[in-house]
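For reference, upload05.cif (mmCIF, C-alpha atoms and all ligand atoms):
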```
data_input
#
loop_
_atom_site.label_atom_id
_atom_site.label_comp_id
_atom_site.auth_asym_id
_atom_site.auth_seq_id
_atom_site.Cartn_x
_atom_site.Cartn_y
_atom_site.Cartn_z
CA MET N 285 148.92 105.60 40.50
CA ALA N 286 148.46 106.93 44.08
CA ASP N 287 145.11 107.17 45.82
CA LEU N 288 143.93 110.70 46.59
CA SER N 289 142.19 110.06 49.89
CA PRO N 290 140.74 107.30 52.03
CA LYS N 291 138.00 105.54 50.07
CA PRO N 292 134.65 107.37 50.50
CA ASP N 293 131.30 105.67 49.81
CA VAL N 294 130.37 108.22 47.15
CA ILE N 295 132.36 110.68 45.03
CA VAL N 296 130.41 113.57 43.56
CA VAL N 297 132.13 115.12 40.54
CA GLY N 298 131.30 118.84 40.42
CA GLY N 299 130.92 121.32 43.27
CA GLY N 300 128.18 123.61 42.00
CA ILE N 301 124.89 123.91 43.86
CA VAL N 302 123.73 120.54 42.54
CA GLY N 303 126.83 118.50 43.44
CA LEU N 304 127.22 120.18 46.83
CA SER N 305 123.53 119.62 47.66
CA VAL N 306 123.85 115.96 46.71
CA GLY N 307 126.99 115.64 48.85
CA TRP N 308 125.32 117.32 51.79
CA GLN N 309 122.17 115.17 51.58
CA LEU N 310 124.31 112.01 51.51
CA LEU N 311 126.34 113.15 54.51
CA GLN N 312 123.12 113.88 56.42
CA ASP N 313 121.96 110.34 55.57
CA GLY N 314 125.18 108.94 57.07
CA VAL N 315 126.80 108.15 53.72
CA GLU N 316 130.45 109.12 53.46
CA ALA N 317 130.58 111.48 50.49
CA VAL N 318 133.21 113.77 49.04
CA VAL N 319 132.98 116.31 46.22
CA ILE N 320 135.74 116.68 43.62
CA ASP N 321 136.12 120.09 41.97
CA ALA N 322 139.18 122.30 41.34
CA ALA N 323 136.99 125.44 41.43
CA PRO N 324 133.83 124.74 43.42
CA GLY N 325 131.03 127.28 43.20
CA THR N 326 132.43 129.11 40.19
CA GLY N 327 130.13 127.69 37.50
CA ALA N 328 126.53 128.55 36.65
CA SER N 329 125.66 128.65 40.35
CA HIS N 330 127.84 131.77 40.71
CA ALA N 331 125.98 133.53 37.88
CA ALA N 332 122.42 132.60 38.83
CA ALA N 333 119.85 135.15 39.92
CA GLY N 334 118.31 132.72 42.39
CA MET N 335 114.68 132.77 41.31
CA LEU N 336 112.82 129.76 42.70
CA ALA N 337 110.05 130.15 40.20
CA PRO N 338 108.06 127.08 39.15
CA ILE N 339 105.13 129.23 38.02
CA HIS N 340 106.90 131.91 36.00
CA GLU N 341 109.17 129.21 34.54
CA ALA N 342 106.17 127.24 33.22
CA TYR N 343 106.10 127.05 29.42
CA TRP N 344 103.97 125.30 26.87
CA GLY N 345 104.85 121.63 26.33
CA GLU N 346 106.95 121.32 29.51
CA SER N 347 104.43 119.91 31.98
CA HIS N 348 106.85 117.17 33.13
CA ILE N 349 109.36 119.89 34.04
CA LEU N 350 106.60 121.87 35.77
CA GLY N 351 105.80 118.86 37.97
CA LEU N 352 109.43 118.57 39.06
CA ASN N 353 109.69 122.33 39.61
CA LEU N 354 106.57 122.36 41.81
CA ALA N 355 107.96 119.49 43.90
CA ALA N 356 111.27 121.37 44.05
CA SER N 357 109.53 124.47 45.31
CA GLN N 358 107.96 122.46 48.13
CA ALA N 359 111.37 121.08 49.13
CA TRP N 360 112.89 124.56 49.48
CA PRO N 361 111.53 125.75 52.87
CA ALA N 362 113.05 122.79 54.75
CA PHE N 363 116.33 123.07 52.80
CA ALA N 364 116.50 126.81 53.58
CA ASP N 365 115.72 126.23 57.26
CA GLN N 366 118.58 123.74 57.54
CA LEU N 367 121.06 126.16 55.95
CA GLY N 368 119.60 129.18 57.76
CA ALA N 369 117.02 131.17 55.78
CA ASP N 370 118.61 134.53 56.69
CA ALA N 371 122.13 133.32 55.89
CA ILE N 372 121.09 132.50 52.33
CA ASP N 373 118.69 135.44 51.86
CA TYR N 374 115.69 133.16 51.25
CA CYS N 375 112.68 135.32 50.52
CA ARG N 376 109.06 134.23 50.01
CA ASN N 377 107.23 137.38 48.94
CA GLY N 378 106.27 136.14 45.48
CA MET N 379 107.19 137.39 42.02
CA LEU N 380 105.60 139.75 39.52
CA MET N 381 105.71 139.36 35.76
CA ALA N 382 104.97 142.65 34.01
CA ALA N 383 104.19 143.59 30.40
CA TYR N 384 105.66 146.80 28.99
CA SER N 385 103.62 147.29 25.79
CA ALA N 386 100.23 146.16 24.47
CA ASP N 387 101.92 143.36 22.47
CA ASP N 388 103.85 142.29 25.57
CA LYS N 389 100.54 142.18 27.43
CA ALA N 390 99.12 139.80 24.81
CA LEU N 391 102.05 137.42 25.43
CA LEU N 392 101.56 137.67 29.18
CA ASP N 393 97.83 137.05 28.84
CA SER N 394 98.49 133.81 26.99
CA LEU N 395 101.01 132.77 29.66
CA GLY N 396 98.33 133.59 32.25
CA ASP N 397 95.96 131.28 30.34
CA LEU N 398 98.57 128.51 30.52
CA HIS N 399 98.96 129.05 34.27
CA GLU N 400 95.20 128.82 34.75
CA GLN N 401 94.92 125.70 32.56
CA GLU N 402 97.59 124.04 34.72
CA GLY N 403 95.69 125.11 37.87
CA LEU N 404 98.56 127.28 39.09
CA PRO N 405 97.77 129.97 41.66
CA VAL N 406 98.35 133.31 39.91
CA GLN N 407 96.69 136.71 40.10
CA ARG N 408 96.31 138.86 36.99
CA LEU N 409 96.96 142.50 37.77
CA ARG N 410 96.01 145.69 35.94
CA SER N 411 98.57 148.41 35.36
CA ARG N 412 97.72 150.33 38.53
CA GLU N 413 97.71 147.15 40.64
CA CYS N 414 101.17 146.27 39.30
CA ARG N 415 102.51 149.65 40.37
CA ARG N 416 100.87 149.32 43.78
CA SER N 417 102.68 146.00 44.25
CA GLU N 418 106.00 147.40 42.98
CA PRO N 419 106.11 151.24 42.89
CA LEU N 420 109.38 151.25 40.93
CA LEU N 421 107.59 149.96 37.80
CA ALA N 422 107.22 152.39 34.89
CA PRO N 423 103.76 154.01 34.55
CA SER N 424 103.59 152.62 31.01
CA VAL N 425 103.43 149.01 32.27
CA ARG N 426 100.23 147.49 30.82
CA GLY N 427 99.53 144.77 33.32
CA GLY N 428 101.03 141.76 34.99
CA VAL N 429 100.74 138.39 36.66
CA TYR N 430 101.64 137.94 40.34
CA SER N 431 102.71 134.53 41.56
CA PRO N 432 102.82 134.05 45.35
CA LEU N 433 104.52 130.63 44.97
CA ASP N 434 107.64 131.94 43.21
CA HIS N 435 110.37 132.77 45.74
CA HIS N 436 114.04 133.76 45.58
CA VAL N 437 117.38 133.16 47.27
CA ASN N 438 121.01 134.25 46.95
CA PRO N 439 122.73 131.26 45.25
CA ARG N 440 126.25 132.47 46.10
CA ARG N 441 125.34 132.38 49.77
CA VAL N 442 123.75 128.94 49.40
CA VAL N 443 126.96 127.61 47.86
CA ALA N 444 129.05 129.28 50.60
CA GLU N 445 126.92 127.59 53.30
CA LEU N 446 127.15 124.21 51.55
CA LEU N 447 130.94 124.54 51.23
CA LYS N 448 131.10 124.87 55.05
CA ARG N 449 129.36 121.50 55.36
CA VAL N 450 130.72 119.34 52.52
CA PRO N 451 134.35 118.18 52.07
CA VAL N 452 135.81 119.06 48.68
CA ILE N 453 138.95 117.68 47.05
CA ALA N 454 140.35 120.45 44.85
CA VAL N 455 141.16 118.55 41.66
CA SER N 456 139.43 118.10 38.30
CA ALA N 457 138.18 114.72 37.17
CA ALA N 458 139.74 113.52 33.93
CA GLU N 459 138.28 109.99 33.75
CA ILE N 460 135.17 108.66 35.40
CA ALA N 461 133.79 105.17 35.94
CA ARG N 462 131.01 103.86 38.20
CA ASP N 463 133.37 103.25 41.08
CA GLN N 464 136.37 105.50 40.56
CA VAL N 465 137.58 108.87 39.37
CA VAL N 466 141.01 109.62 37.93
CA ALA N 467 142.04 113.22 38.52
CA ASP N 468 143.77 115.36 35.89
CA ASP N 469 147.04 114.95 37.81
CA GLY N 470 146.79 111.16 37.40
CA ARG N 471 145.79 110.35 40.97
CA ARG N 472 142.82 108.08 41.61
CA VAL N 473 139.92 108.02 44.08
CA ALA N 474 138.00 104.79 44.41
CA CYS N 475 134.52 104.52 45.90
CA GLN N 476 131.33 102.49 45.70
CA GLN N 477 129.40 104.96 43.56
CA VAL N 478 130.26 108.01 41.44
CA VAL N 479 127.70 110.77 40.95
CA VAL N 480 128.37 113.27 38.17
CA ALA N 481 127.16 116.84 38.67
CA ALA N 482 129.59 118.73 36.46
CA GLY N 483 127.01 121.14 35.02
CA ALA N 484 127.69 122.37 31.48
CA TRP N 485 130.98 120.42 31.45
CA THR N 486 129.28 117.02 31.86
CA GLY N 487 129.02 116.55 28.09
CA ARG N 488 132.78 116.95 27.77
CA LEU N 489 133.47 114.37 30.46
CA LEU N 490 130.93 111.72 29.47
CA GLY N 491 128.71 110.87 26.53
CA VAL N 492 125.55 112.68 27.67
CA PRO N 493 124.23 115.50 25.45
CA VAL N 494 124.61 118.45 27.79
CA ARG N 495 125.55 121.77 26.19
CA PRO N 496 126.48 125.17 27.66
CA VAL N 497 123.88 127.94 27.27
CA LYS N 498 125.48 131.28 28.05
CA GLY N 499 123.76 133.82 30.28
CA GLN N 500 125.08 137.33 30.89
CA ILE N 501 123.98 139.05 34.05
CA LEU N 502 124.47 142.40 35.85
CA ARG N 503 124.63 143.30 39.52
CA LEU N 504 123.37 146.70 40.59
CA SER N 505 123.66 148.11 44.08
CA GLY N 506 121.20 150.56 45.59
CA PRO N 507 119.60 151.43 48.90
CA GLU N 508 118.16 148.47 50.83
CA GLY N 509 114.53 147.86 49.90
CA LEU N 510 114.63 150.01 46.74
CA LEU N 511 113.11 147.13 44.77
CA GLY N 512 110.64 145.21 46.93
CA LEU N 513 109.57 142.39 44.63
CA PRO N 514 111.45 140.34 42.05
CA VAL N 515 110.13 141.49 38.69
CA ARG N 516 110.26 139.64 35.39
CA GLY N 517 109.35 141.74 32.42
CA VAL N 518 108.48 141.40 28.77
CA VAL N 519 109.73 144.59 27.12
CA ARG N 520 108.95 145.02 23.41
CA GLY N 521 109.19 141.26 22.98
CA SER N 522 112.45 140.86 24.95
CA SER N 523 112.71 139.35 28.37
CA VAL N 524 114.45 140.73 31.43
CA TYR N 525 114.29 140.30 35.19
CA ALA N 526 115.43 142.13 38.31
CA VAL N 527 115.83 140.19 41.55
CA PRO N 528 116.48 142.11 44.80
CA ARG N 529 118.75 140.95 47.62
CA SER N 530 118.22 142.04 51.22
CA ASP N 531 121.40 144.18 51.16
CA GLY N 532 120.22 146.38 48.27
CA GLU N 533 121.89 144.42 45.49
CA ILE N 534 119.72 143.81 42.42
CA VAL N 535 120.55 141.08 39.91
CA VAL N 536 119.50 141.85 36.35
CA GLY N 537 119.47 139.08 33.78
CA ALA N 538 119.84 137.27 31.65
CA THR N 539 120.80 136.73 28.05
CA GLN N 540 120.38 133.28 26.55
CA GLU N 541 123.06 132.49 23.96
CA GLU N 542 124.23 129.35 22.20
CA GLN N 543 127.95 130.26 22.12
CA GLY N 544 129.66 127.12 23.35
CA PHE N 545 132.05 127.59 26.29
CA ASP N 546 132.37 131.37 25.78
CA THR N 547 131.95 133.38 29.00
CA ARG N 548 132.85 136.84 27.68
CA VAL N 549 130.66 139.72 28.78
CA THR N 550 129.78 141.71 25.67
CA ALA N 551 128.79 145.34 25.12
CA GLY N 552 125.68 144.16 23.28
CA GLY N 553 124.62 141.85 26.09
CA VAL N 554 125.02 144.54 28.76
CA TYR N 555 123.25 147.09 26.55
CA GLU N 556 120.22 144.88 26.01
CA LEU N 557 119.85 144.10 29.69
CA LEU N 558 120.16 147.76 30.74
CA ARG N 559 117.87 148.97 27.93
CA ASP N 560 115.08 146.62 28.95
CA VAL N 561 115.41 146.82 32.72
CA LEU N 562 115.51 150.64 32.69
CA ALA N 563 112.40 150.77 30.46
CA LEU N 564 110.61 148.59 33.01
CA LEU N 565 112.12 150.03 36.21
CA PRO N 566 113.38 153.54 35.31
CA GLY N 567 114.29 154.34 38.93
CA LEU N 568 117.23 151.92 38.67
CA SER N 569 119.12 154.33 36.39
CA GLU N 570 120.70 156.08 39.41
CA VAL N 571 122.06 153.00 41.22
CA ASP N 572 125.62 151.64 40.92
CA LEU N 573 126.52 148.99 38.36
CA VAL N 574 128.87 146.82 40.43
CA GLU N 575 129.39 143.65 38.41
CA THR N 576 128.95 142.10 35.00
CA TRP N 577 129.21 138.34 34.67
CA ALA N 578 128.45 135.42 32.40
CA GLY N 579 127.75 131.79 33.27
CA LEU N 580 126.92 128.59 31.43
CA ARG N 581 123.61 126.84 32.03
CA PRO N 582 123.78 123.07 31.51
CA GLY N 583 121.13 122.33 28.85
CA ALA N 584 119.88 118.96 27.57
CA PRO N 585 118.20 118.63 24.14
CA ASP N 586 114.70 118.62 25.70
CA ASN N 587 115.53 121.27 28.35
CA ALA N 588 114.79 118.79 31.14
CA PRO N 589 117.36 117.75 33.75
CA ILE N 590 119.21 114.44 33.64
CA ILE N 591 118.79 112.63 36.96
CA GLY N 592 119.31 108.92 37.46
CA ALA N 593 121.61 105.97 36.81
CA GLY N 594 123.05 105.60 33.32
CA ASP N 595 123.77 102.37 31.46
CA ASP N 596 127.40 102.94 32.51
CA GLY N 597 126.44 102.61 36.21
CA ILE N 598 127.27 106.26 36.91
CA VAL N 599 124.56 108.33 38.61
CA TYR N 600 123.85 111.61 36.78
CA ALA N 601 122.65 114.88 38.32
CA THR N 602 123.02 117.43 35.55
CA GLY N 603 121.28 119.36 32.76
CA HIS N 604 119.37 121.59 35.18
CA TYR N 605 119.41 124.41 32.62
CA ARG N 606 117.36 127.45 33.79
CA ASN N 607 116.22 125.93 37.08
CA GLY N 608 119.19 124.36 38.86
CA ILE N 609 118.92 126.59 41.90
CA LEU N 610 115.24 125.74 42.25
CA THR N 611 115.74 122.01 41.69
CA ALA N 612 119.00 121.39 43.61
CA PRO N 613 117.33 120.25 46.87
CA ILE N 614 114.86 117.85 45.20
CA THR N 615 117.67 116.53 42.96
CA ALA N 616 119.78 115.92 46.07
CA ALA N 617 116.94 114.05 47.78
CA ALA N 618 116.32 111.95 44.64
CA VAL N 619 119.97 111.10 44.04
CA ALA N 620 120.59 110.26 47.70
CA ALA N 621 117.59 107.91 47.62
CA LEU N 622 118.83 106.23 44.42
CA VAL N 623 122.33 105.74 45.80
CA GLN N 624 120.92 104.14 48.95
CA GLY N 625 118.48 101.91 47.05
CA ARG N 626 115.41 103.84 48.25
CA ARG N 627 112.48 105.09 46.17
CA PRO N 628 113.12 108.70 45.03
CA PRO N 629 110.60 111.35 46.18
CA VAL N 630 109.67 112.15 42.55
CA ASP N 631 109.17 110.11 39.37
CA LEU N 632 112.54 110.26 37.64
CA SER N 633 111.52 108.42 34.46
CA PRO N 634 111.20 111.62 32.32
CA PHE N 635 114.71 112.59 33.43
CA SER N 636 116.55 109.33 32.75
CA PRO N 637 120.07 109.68 31.30
CA ASN N 638 119.17 106.86 28.93
CA ARG N 639 116.29 108.75 27.27
CA PHE N 640 118.57 110.09 24.51
CA ASP N 641 119.70 106.64 23.35
CA ALA N 642 117.13 106.51 20.55
CA MET N 643 117.68 110.09 19.41
CA PRO N 644 119.47 110.67 16.11
CA ALA N 645 122.97 111.94 16.94
CA ALA N 646 122.58 115.05 14.74
CA ARG N 647 119.72 116.30 16.91
CA LEU N 648 121.46 115.97 20.24
CA PRO N 649 123.36 119.21 20.89
CA ASP N 650 121.03 121.78 19.35
CA ALA N 651 117.81 122.30 21.28
CA GLU N 652 116.07 125.51 20.19
CA PRO N 653 116.54 128.25 22.76
CA LEU N 654 113.30 129.40 24.35
CA SER N 655 112.24 132.92 23.64
CA GLY N 656 110.83 133.52 27.15
CA VAL N 657 112.57 134.91 30.21
CA ALA N 658 115.67 132.84 30.93
CA GLY N 659 116.60 131.97 34.48
C1 LIG E 1 122.84 133.91 34.12
C2 LIG E 1 122.16 132.72 34.77
C3 LIG E 1 121.05 132.94 35.56
C4 LIG E 1 120.40 131.87 36.18
N1 LIG E 1 119.34 132.11 37.01
C5 LIG E 1 118.73 131.06 37.62
C6 LIG E 1 117.65 131.30 38.52
O1 LIG E 1 117.27 132.45 38.77
N2 LIG E 1 117.07 130.22 39.12
C7 LIG E 1 117.47 128.93 38.87
O2 LIG E 1 116.91 128.00 39.44
N3 LIG E 1 118.51 128.68 38.03
C8 LIG E 1 119.13 129.71 37.39
N4 LIG E 1 120.16 129.48 36.54
C9 LIG E 1 120.53 128.09 36.24
C10 LIG E 1 121.41 127.54 37.36
O3 LIG E 1 122.43 128.47 37.64
C11 LIG E 1 122.01 126.21 36.95
O4 LIG E 1 121.00 125.33 36.49
C12 LIG E 1 122.71 125.57 38.15
O5 LIG E 1 123.62 126.47 38.72
C13 LIG E 1 123.43 124.31 37.72
O6 LIG E 1 124.17 123.88 38.85
P1 LIG E 1 125.29 122.78 38.68
O7 LIG E 1 125.82 122.51 40.05
O8 LIG E 1 124.75 121.65 37.89
O9 LIG E 1 126.36 123.46 37.73
P2 LIG E 1 127.54 124.53 38.05
O10 LIG E 1 127.15 125.52 39.07
O11 LIG E 1 127.99 125.04 36.73
O12 LIG E 1 128.64 123.61 38.68
C14 LIG E 1 129.35 122.64 37.93
C15 LIG E 1 130.66 122.42 38.63
O13 LIG E 1 131.33 121.34 37.99
C16 LIG E 1 132.72 121.62 38.06
N5 LIG E 1 133.40 120.80 37.07
C17 LIG E 1 133.42 120.94 35.72
N6 LIG E 1 134.21 120.02 35.18
C18 LIG E 1 134.72 119.29 36.20
C19 LIG E 1 135.63 118.22 36.27
N7 LIG E 1 136.20 117.69 35.17
N8 LIG E 1 135.96 117.72 37.49
C20 LIG E 1 135.41 118.24 38.61
N9 LIG E 1 134.55 119.26 38.60
C21 LIG E 1 134.21 119.78 37.41
C22 LIG E 1 132.82 123.12 37.80
O14 LIG E 1 134.03 123.63 38.31
C23 LIG E 1 131.61 123.62 38.55
O15 LIG E 1 131.95 124.05 39.87
C24 LIG E 1 120.86 130.54 35.95
C25 LIG E 1 122.00 130.33 35.16
C26 LIG E 1 122.64 131.41 34.58
C27 LIG E 1 123.87 131.17 33.77
#
```
Would you write the structure of this file as C-alpha cells?
Ligand SMILES: Cc1cc2nc3c(=O)[nH]c(=O)nc-3n(C[C@H](O)[C@H](O)[C@H](O)COP(=O)(O)OP(=O)(O)OC[C@H]3O[C@@H](n4cnc5c(N)ncnc54)[C@H](O)[C@@H]3O)c2cc1C
Amino acid sequence: MADLSPKPDVIVVGGGIVGLSVGWQLLQDGVEAVVIDAAPGTGASHAAAGMLAPIHEAYWGESHILGLNLAASQAWPAFADQLGADAIDYCRNGMLMAAYSADDKALLDSLGDLHEQEGLPVQRLRSRECRRSEPLLAPSVRGGVYSPLDHHVNPRRVVAELLKRVPVIAVSAAEIARDQVVADDGRRVACQQVVVAAGAWTGRLLGVPVRPVKGQILRLSGPEGLLGLPVRGVVRGSSVYAVPRSDGEIVVGATQEEQGFDTRVTAGGVYELLRDVLALLPGLSEVDLVETWAGLRPGAPDNAPIIGAGDDGIVYATGHYRNGILTAPITAAAVAALVQGRRPPVDLSPFSPNRFDAMPAARLPDAEPLSGVAG
C-alpha cells in the first residue's frame, strides 16, 4: 500500500466548514495539517443560509447548546477579520423574528419569554415597529422579536476563503484509525492524530450516531438592499427564513426532513418555502428564483454537536446540525487545543463522543425533529 503524501501531524477527514476551520486553526498554530475530501465544500456547508444566530436558535431544554452557541458567536468577529469580513459577506445588523398570525404571535411570545428567562438581549416589537425595521414585511405581521446579537455570513464564501488557506487531498477516506487514514483507492496516509469532520457521513464511516437531516433551500436574486434584515418567520405554524446577501441574493429556507441520504429537491418543498416566504415578505414575488438546493445537516440524537476524543483515540468534530456555520470557529479552536494538549476554550463535556455509550441502540438514530425554524 503506497503512502499518499509526506506524513502530516494531523489529518482532518472532511472538508466542509468544520473540517477546513479545524485545519486552518491547526496550521495557524504551527501544526502541519491536511484535509482529506474528494469533494470539499459540497456538503451541508454549501446549502447553509449562514445565520449566526445563538438567540433565535435557542429552544427549550437546550441550554448547553445555547452556551456553546453564545461562545461561538463571540468567536466570529475575530474569525471573520482573519478571513476578511467583506470577502465572506459578514454582516452584524441583527435578525428579526416575525409572527404572521395571532397564533404565530403566541408562539413567538413564549419564545420571547424563554429569551428573557435566559437573560438574552432581545427587543419585542409591535407590528408597526417590525415594518419600520424591515419595510418588506407584510402589513398583516402581528409582531416580532429583534435580536441584535444574531448575525449572518455567506458560508460558500467562507469555504472558498478557507480552501485558499488549507491543503486538501482530493480522496475519500474508506478506513480511519487514530493515526492513519486509508483512502477509497487503497492508498494510506499516516499521521499522529486523525480528526473526523465528515458531517452527515460520519455515522457511515465510524460508529457514532450521526444522521442526515435534509434541508431544502431556495436562492432568490433581486436588487441590492431589497431586503435589509435577515427575517425568520412563523407563518400559520410553519417556519421560514430569508437571509439577504450584499449582492442582492436572498436565501430562503429551510425544510427539515428525516429522509436519509436523499438530496432531491421536491415540488412540495419548494412550494412550502415560497408559500410561507411570500406571505411574510410579499415584495419578493417579483424577484428571480435562481437556485433550488438540498443539503444534509449532521444530527446527533440529542441535537448537540460531537466534539472531543473518542474511546478509539480519534478526535471528533461533527454533529453540528442546525448551527455548524455558527459553531465552526469555536469548534476549530477547541479541537486545535485538544490536539495540542491544551485546555479547550469551552467545556466540551456535554459534547463528548462517548456520551452515547449508555444509550439503548434503538434510540440512537431517531431524534425527534424540532418544529421551530431550522437553520
Ligand atoms: C438547508 C440548510 C441550512 C442551514 N443553515 C444554517 C445556518 O443558517 N446557520 C448555521 O450555523 N448552520 C446552518 N446549517 C447547518 C450547517 O450547514 C452544518 O451544520 C454545517 O455545514 C456542517 O459542516 P460540516 O463541515 O460538519 O459538514 P459538511 O459541510 O457536510 O462537510 C462534510 C464534508 O465531509 C466530506 N466527506 C464525507 N465523507 C467523507 C469521506 N469518507 N472522506 C472524506 N471526506 C468525506 C464531504 O464531502 C463534505 O465535504 C444549515 C444546513 C442546511 C442543510
task = Excluding N:Gly594 and residues on its chain fewer than 2 positions from it, collect all residues at most 12 Å away from it, counting all atoms listed in the file, and give them as a count of residues only.
result = 26
ask   = So how many Å separate atom CA of N:Asp546 and atom CA of N:Ala467, to one decimal?
value =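 So the two atoms, atom CA of N:Asp546 and atom CA of N:Ala467, lie 24.2 Å apart.
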Please produce, as a tab-separated table, a per-residue contact table for chain N versus ligand LIG 1 (chain E) (criterion: any atom at most 6 Å away, all atoms listed in the file considered), showing the nearest atom pair and its distance in Å to one decimal, sorted by chain then residue number.
```
residue	atom	partner	partner_atom	distance
N:Val297	CA	E:LIG1	C20	4.9
N:Gly298	CA	E:LIG1	O13	3.5
N:Gly299	CA	E:LIG1	O15	4.5
N:Gly300	CA	E:LIG1	O7	3.3
N:Ile301	CA	E:LIG1	O7	4.2
N:Val302	CA	E:LIG1	O7	3.8
N:Gly303	CA	E:LIG1	O7	5.3
N:Ile320	CA	E:LIG1	C20	5.3
N:Asp321	CA	E:LIG1	N9	3.8
N:Ala323	CA	E:LIG1	O14	4.7
N:Pro324	CA	E:LIG1	O15	4.1
N:Gly325	CA	E:LIG1	O15	4.7
N:Thr326	CA	E:LIG1	O15	5.1
N:Gly327	CA	E:LIG1	O11	3.5
N:Ala328	CA	E:LIG1	O11	3.8
N:Ser329	CA	E:LIG1	O5	3.4
N:Ala331	CA	E:LIG1	C1	4.9
N:Ala332	CA	E:LIG1	C4	3.4
N:Ala333	CA	E:LIG1	O1	3.9
N:Gly334	CA	E:LIG1	O1	3.8
N:Met335	CA	E:LIG1	O1	3.6
N:Leu336	CA	E:LIG1	O2	5.5
N:Ser456	CA	E:LIG1	N8	3.6
N:Ala457	CA	E:LIG1	N8	3.7
N:Ala458	CA	E:LIG1	N7	5.6
N:Ala481	CA	E:LIG1	O8	5.4
N:Ala482	CA	E:LIG1	O13	3.5
N:Gly483	CA	E:LIG1	O9	3.6
N:Ala484	CA	E:LIG1	O11	5.9
N:Trp485	CA	E:LIG1	C17	4.9
N:Lys498	CA	E:LIG1	C27	5.9
N:Gly499	CA	E:LIG1	C1	3.9
N:Gln500	CA	E:LIG1	C1	5.2
N:Ile501	CA	E:LIG1	C1	5.3
N:Ala538	CA	E:LIG1	C1	5.1
N:Gly579	CA	E:LIG1	C27	4.0
N:Leu580	CA	E:LIG1	C27	4.6
N:Arg581	CA	E:LIG1	C27	4.7
N:Thr602	CA	E:LIG1	O8	5.1
N:His604	CA	E:LIG1	O4	4.3
N:Tyr605	CA	E:LIG1	O4	4.3
N:Arg606	CA	E:LIG1	C9	4.1
N:Asn607	CA	E:LIG1	O2	3.2
N:Gly608	CA	E:LIG1	O4	3.1
N:Ile609	CA	E:LIG1	O2	3.5
N:Leu610	CA	E:LIG1	O2	4.0
N:Gly659	CA	E:LIG1	N1	3.7
```
query = Neighbours of N:Leu354 within 9 Å (all atoms listed in the file; same-chain residues fewer than 5 positions away dropped), as a list in words?
reply =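 Counting all atoms listed in the file, the residues come to Ala337, Pro338, Ile339, Ile349 and Ala359 of chain N.
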Output the selection as an mmCIF file, in the frame of the given file - C-alpha atoms for each residue.
```cif
data_model
loop_
_atom_site.group_PDB
_atom_site.id
_atom_site.type_symbol
_atom_site.label_atom_id
_atom_site.label_comp_id
_atom_site.auth_asym_id
_atom_site.auth_seq_id
_atom_site.Cartn_x
_atom_site.Cartn_y
_atom_site.Cartn_z
ATOM 1 C CA ALA N 337 110.050 130.150 40.200
ATOM 2 C CA PRO N 338 108.060 127.080 39.150
ATOM 3 C CA ILE N 339 105.130 129.230 38.020
ATOM 4 C CA ILE N 349 109.360 119.890 34.040
ATOM 5 C CA ALA N 359 111.370 121.080 49.130
#
```
request  = Kindly give the distance, in Å, that separates atom CA of N:Gly583 and atom CA of N:Gly603, rounded to a single decimal.
outcome  =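 Going from atom CA of N:Gly583 over to atom CA of N:Gly603 covers 4.9 Å.
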task = Check the smallest atom-to-atom distance from each of N:Ala364, N:Ala371, N:Ser357, N:Pro451 to N:Val318 using only C-alpha atoms, then report the winner.
result =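 Nearest candidate to N:Val318 out of N:Ala364, N:Ala371, N:Ser357, N:Pro451: N:Pro451.
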query = Mind pulling up the distance from atom CA of N:Ser505 to atom CA of N:Ile534?
reply = 6.1 Å
task = Rank nothing, just name the residue among N:Ala383, N:Ala612, N:Leu398, N:Leu513 nearest to N:Glu346, using all atoms listed in the file.
result = N:Leu398
So which residues touch N:Gly314 within 12 Å, counting all atoms listed in the file, skipping near sequence neighbours fewer than 6 positions away, as a compact mmCIF listing (two decimals) with C-alpha atoms, in the coordinates of the input?
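Contents of result-v6.txt, freshly written:
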```txt
# COMPACT_ATOMS: atom_id res chain seq x y z
CA PRO N 292 134.65 107.37 50.50
CA ASP N 293 131.30 105.67 49.81
CA VAL N 294 130.37 108.22 47.15
CA GLY N 307 126.99 115.64 48.85
CA TRP N 308 125.32 117.32 51.79
CA ALA N 620 120.59 110.26 47.70
CA GLN N 624 120.92 104.14 48.95
```
message = When you count only C-alpha atoms, which of these residues is closest to N:Ala390: N:Gly427, N:Asp595, N:Val497, N:Leu632?
response =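 The answer is N:Gly427, which sits nearest to N:Ala390.
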query = For N:Ala578, which of N:Ala593, N:Val319, N:Leu502, N:Ala526 is the closest residue, counting all atoms listed in the file?
reply =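 Ranking N:Ala593, N:Val319, N:Leu502, N:Ala526 by distance to N:Ala578, first place goes to N:Leu502.
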inquiry  = Under the rule that only C-alpha atoms are counted, which of N:Arg408, N:Arg559, N:Arg520, N:Lys291 is the nearest residue to N:Asp388?
reply    =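 Checking each of N:Arg408, N:Arg559, N:Arg520, N:Lys291 against N:Asp388, counting only C-alpha atoms, the winner is N:Arg520.
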message = With distances taken over all atoms listed in the file, which residue among N:Ala454, N:Val406, N:Leu511, N:Ile372 lies nearest N:Leu433?
response = N:Val406
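Around the point (131.4, 125.5, 24.1), within 8 Å and counting all atoms listed in the file, we find these residues: Arg495, Pro496, Gln543, Gly544, Phe545 and Asp546 of chain N.
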task = Excluding N:Val306 and residues on its chain fewer than 6 positions from it, collect all residues at most 8 Å away from it, counting all atoms listed in the file, and give them as a ChimeraX atom specification.
result = /N:296,612-613,615-617,619-620
What are the closest atom pairs, with distances in Å to one decimal, for each residue of stretch 389-488 of chain N lying within 6 Å of stretch 374-377 of chain N, using all atoms listed in the file, rows by chain and rising residue number, as JSON lines?
```
{"residue": "N:His435", "atom": "CA", "partner": "N:Arg376", "partner_atom": "CA", "distance": 4.7}
{"residue": "N:His436", "atom": "CA", "partner": "N:Cys375", "partner_atom": "CA", "distance": 5.4}
{"residue": "N:Val437", "atom": "CA", "partner": "N:Tyr374", "partner_atom": "CA", "distance": 4.3}
```
Now that the selection is made, can you save its residues with C-alpha atoms as a PDB file, in the frame of the given file?
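Wrote out-v4.pdb, looks like this:
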```
ATOM      1  CA  HIS N 435     110.370 132.770  45.740  1.00  0.00           C
ATOM      2  CA  HIS N 436     114.040 133.760  45.580  1.00  0.00           C
ATOM      3  CA  VAL N 437     117.380 133.160  47.270  1.00  0.00           C
TER       4      VAL N 437
END
```
Save stretch 460-464 of chain N from what I just supplied, as a short mmCIF file (atom, residue, chain, number, x, y, z; two decimals), in the first residue's frame, atoms limited to C-alpha atoms.
```
data_model
loop_
_atom_site.label_atom_id
_atom_site.label_comp_id
_atom_site.auth_asym_id
_atom_site.auth_seq_id
_atom_site.Cartn_x
_atom_site.Cartn_y
_atom_site.Cartn_z
CA ILE N 460 -9.96 5.51 9.73
CA ALA N 461 -7.86 4.88 12.82
CA ARG N 462 -6.32 7.25 15.37
CA ASP N 463 -3.13 7.63 13.40
CA GLN N 464 -3.93 6.77 9.80
#
```
